[in-house]
Every structure is written in C-alpha cells, then in structure tokens.
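Participant: Take this structure, written in structure tokens, and hold onto it; I'll ask about it next.
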Amino acid sequence: MVISDMYIRKGDFVKIISGDDAGKTGKIKSVLRQKGKIVVEGINFVLKHLKPSKENPKGGRIQIEASMDASNALLICQNKSCKKYNNGVRIRMKFLEDKKKVRTCVSCGYELISTE
C-alpha cells in the first residue's frame, strides 16, 4: 500500500494515539513513505537479537525503535493560544498567495512548521 498523501515529516513532534505507547510524545526520526510508516524517538521499542561477532563475541540483545503506522500519530500544535496546545491535532493544507502549500492546525489555523 503506497501512501502518497502523508502530511508527517521528519523532525515533527507527534503524539501517539493508539497502541502500547498511546499518550506518549516524540520527535520523528524517519518517514518510510512507501510503507506508510514512521519511526519516533523513544517510542515502540523492540528487542533485536545479535549473533556473536568479532565486535560482540557473546552476542546479545539490543533495544531499537521499530517503525509504526503513520495513522497512529497526530501532529502536535505548537501555538500557545490554541485550545489544543501540546496535544495532537488534525491538519489541513492551505494555499498561500505565492502558491505554496502549508500545513495548518484545524483548531486554530496556525501554520505547522517542521524543525528540519
């Protein structure tokens, strides 16, 4: 399934709305657009088993952040006067006079700008 209309970008702050990590917030590390998935810092940890190697002769297990579906996350509104400040909000696209598209909060109309 290819999702071409993902409005989430690398560097955005999101709130997780479903799953084991529901209610937690984090910054997006990467976006897997072809799969419709995202990787969020500090969220959705899984254990990866490592075979013994020269660097790690005993092998072992490490915790890494796994990808999760993009529909499980909502962007966080950074506008302090918004009634949904620091909460997940739906977004809509707005066209400016110079024909640029920007993402805006549905509640307050604030333009959501990515940090990266």
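Chains: A, B, ... in order of the structure tokens. Residues: from 1 per chain. Ligands: from 1, in order shown.
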From a DSSP pass on the backbone, collect the residues of chain A flagged as strand (DSSP E or B) and hand them back as a PyMOL selection string.
Facilitator: chain A and resi 13-16+25-32+37-40+45-50+60-65+68-69+73-77+85+88-89+91-95+101-105+111-112
Participant: Skip Asp69 in chain A itself and residues of its chain fewer than 4 positions away, then list as a count of residues only all residues within 10 Å of it, counting only C-alpha atoms.
Facilitator: 7
Participant: Using CA of Val14 in chain A and CA of Lys99 in chain A as the two end points, give the distance in Å to one decimal.
Facilitator: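 These atoms are spaced 26.7 Å apart.
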Participant: Using only C-alpha atoms, which residue out of A:Ala66, A:Cys77, A:Leu47, A:Leu112 lies closest to Lys94 in chain A?
Facilitator: A:Leu112
